Amino acid sequence: MLQVTASEFVKHFGQYKEQVQRQSIAITSHGRTSGYFVSEHEYSEYMFLKSRVRQTYDVTELPLDTIAAINQAKMSDAHDDLDNLME
């Protein structure tokens, strides 16, 4: 990954706009990375992966109606063979 200072990035934006199609660019300020310049394709891929992240809950965070629904859930008879595997 290419790394450039913020002032260098601003001065040569046109050059980096073309270069980002080949590799992402880390933008630094005062020696620390402050952001990244990525292609449209990379950003789309990131947003897709971000949308696929599963959300998990601690049991204490679940609403009471959700807990009740889980307690009342029954496995379909079509899956009885799985119960046999557990025995």
# chains A, B, ... in the order shown; residues from 1 in each chain; ligands from 1
>>> residues_around(residues="Val59 (chain A)", least_positions_apart="6", cutoff="12 Å", atoms="only C-alpha atoms", output="list of chain:residue names")
A:Thr66, A:Ile67, A:Ala68, A:Ile70
>>> residues_around(residues="Ala26 (chain A)", least_positions_apart="4", cutoff="12 Å", atoms="only C-alpha atoms", output="MDAnalysis selection string")
chainID A and resid 1:6 8:9 16 20 31:38
>>> select_by_dssp(residues="chain A", states="strand (DSSP E)", output="PyMOL selection string")
chain A and resi 2-5+25-29+32-37
>>> write_last_selection(atoms="C-alpha atoms", output="mmCIF file, in the first residue's frame")
data_model
loop_
_atom_site.group_PDB
_atom_site.id
_atom_site.type_symbol
_atom_site.label_atom_id
_atom_site.label_comp_id
_atom_site.auth_asym_id
_atom_site.auth_seq_id
_atom_site.Cartn_x
_atom_site.Cartn_y
_atom_site.Cartn_z
ATOM 1 C CA LEU A 2 1.286 3.408 -0.927
ATOM 2 C CA GLN A 3 1.570 5.953 1.881
ATOM 3 C CA VAL A 4 1.621 9.727 1.288
ATOM 4 C CA THR A 5 1.277 12.845 3.410
ATOM 5 C CA ILE A 25 -3.313 4.809 -0.617
ATOM 6 C CA ALA A 26 -2.845 5.612 3.075
ATOM 7 C CA ILE A 27 -3.001 9.338 3.817
ATOM 8 C CA THR A 28 -0.868 10.488 6.745
ATOM 9 C CA SER A 29 -0.819 13.637 8.822
ATOM 10 C CA ARG A 32 -0.073 9.056 11.648
ATOM 11 C CA THR A 33 -2.493 7.531 9.167
ATOM 12 C CA SER A 34 -5.596 9.711 9.029
ATOM 13 C CA GLY A 35 -7.484 7.915 6.257
ATOM 14 C CA TYR A 36 -7.369 5.826 3.124
ATOM 15 C CA PHE A 37 -8.046 6.576 -0.524
#
>>> select_by_dssp(residues="chain A", states="alpha helix (DSSP H)", output="ChimeraX atom specification")
/A:6-11,13-19,40-51,64-72,80-86
>>> write_last_selection(atoms="C-alpha atoms", output="PDB file, in the first residue's frame")
ATOM      1  CA  ALA A   6      -1.956  14.811   3.257  1.00  0.00           C
ATOM      2  CA  SER A   7      -0.232  17.823   1.703  1.00  0.00           C
ATOM      3  CA  GLU A   8       1.420  15.617  -0.960  1.00  0.00           C
ATOM      4  CA  PHE A   9      -1.954  14.007  -1.657  1.00  0.00           C
ATOM      5  CA  VAL A  10      -3.639  17.387  -2.153  1.00  0.00           C
ATOM      6  CA  LYS A  11      -0.863  18.687  -4.423  1.00  0.00           C
ATOM      7  CA  PHE A  13      -4.500  14.433  -6.431  1.00  0.00           C
ATOM      8  CA  GLY A  14      -4.753  13.766 -10.181  1.00  0.00           C
ATOM      9  CA  GLN A  15      -1.787  11.389 -10.039  1.00  0.00           C
ATOM     10  CA  TYR A  16      -3.171   9.527  -7.016  1.00  0.00           C
ATOM     11  CA  LYS A  17      -6.648   9.362  -8.559  1.00  0.00           C
ATOM     12  CA  GLU A  18      -5.159   7.188 -11.310  1.00  0.00           C
ATOM     13  CA  GLN A  19      -2.844   5.250  -9.001  1.00  0.00           C
ATOM     14  CA  GLU A  40     -14.741   2.571  -6.184  1.00  0.00           C
ATOM     15  CA  HIS A  41     -14.428  -1.209  -6.547  1.00  0.00           C
ATOM     16  CA  GLU A  42     -12.585  -1.584  -3.221  1.00  0.00           C
ATOM     17  CA  TYR A  43     -15.107   0.661  -1.467  1.00  0.00           C
ATOM     18  CA  SER A  44     -18.058  -1.308  -2.887  1.00  0.00           C
ATOM     19  CA  GLU A  45     -16.455  -4.555  -1.750  1.00  0.00           C
ATOM     20  CA  TYR A  46     -15.861  -3.102   1.723  1.00  0.00           C
ATOM     21  CA  MET A  47     -19.488  -1.947   2.012  1.00  0.00           C
ATOM     22  CA  PHE A  48     -20.734  -5.374   0.870  1.00  0.00           C
ATOM     23  CA  LEU A  49     -18.597  -7.164   3.461  1.00  0.00           C
ATOM     24  CA  LYS A  50     -19.619  -4.698   6.149  1.00  0.00           C
ATOM     25  CA  SER A  51     -23.297  -5.385   5.403  1.00  0.00           C
ATOM     26  CA  LEU A  64     -38.475 -10.319  26.244  1.00  0.00           C
ATOM     27  CA  ASP A  65     -40.645 -11.157  23.211  1.00  0.00           C
ATOM     28  CA  THR A  66     -37.562 -12.455  21.371  1.00  0.00           C
ATOM     29  CA  ILE A  67     -36.609 -14.642  24.340  1.00  0.00           C
ATOM     30  CA  ALA A  68     -40.176 -15.992  24.480  1.00  0.00           C
ATOM     31  CA  ALA A  69     -40.096 -16.767  20.742  1.00  0.00           C
ATOM     32  CA  ILE A  70     -36.804 -18.652  21.138  1.00  0.00           C
ATOM     33  CA  ASN A  71     -38.196 -20.662  24.060  1.00  0.00           C
ATOM     34  CA  GLN A  72     -41.274 -21.639  22.037  1.00  0.00           C
ATOM     35  CA  ASP A  80     -35.410 -35.887  13.281  1.00  0.00           C
ATOM     36  CA  ASP A  81     -32.360 -37.582  11.767  1.00  0.00           C
ATOM     37  CA  LEU A  82     -30.216 -34.847  13.307  1.00  0.00           C
ATOM     38  CA  ASP A  83     -31.570 -35.667  16.769  1.00  0.00           C
ATOM     39  CA  ASN A  84     -30.539 -39.276  16.216  1.00  0.00           C
ATOM     40  CA  LEU A  85     -26.972 -38.128  15.568  1.00  0.00           C
ATOM     41  CA  MET A  86     -26.910 -36.446  18.975  1.00  0.00           C
TER      42      MET A  86
END
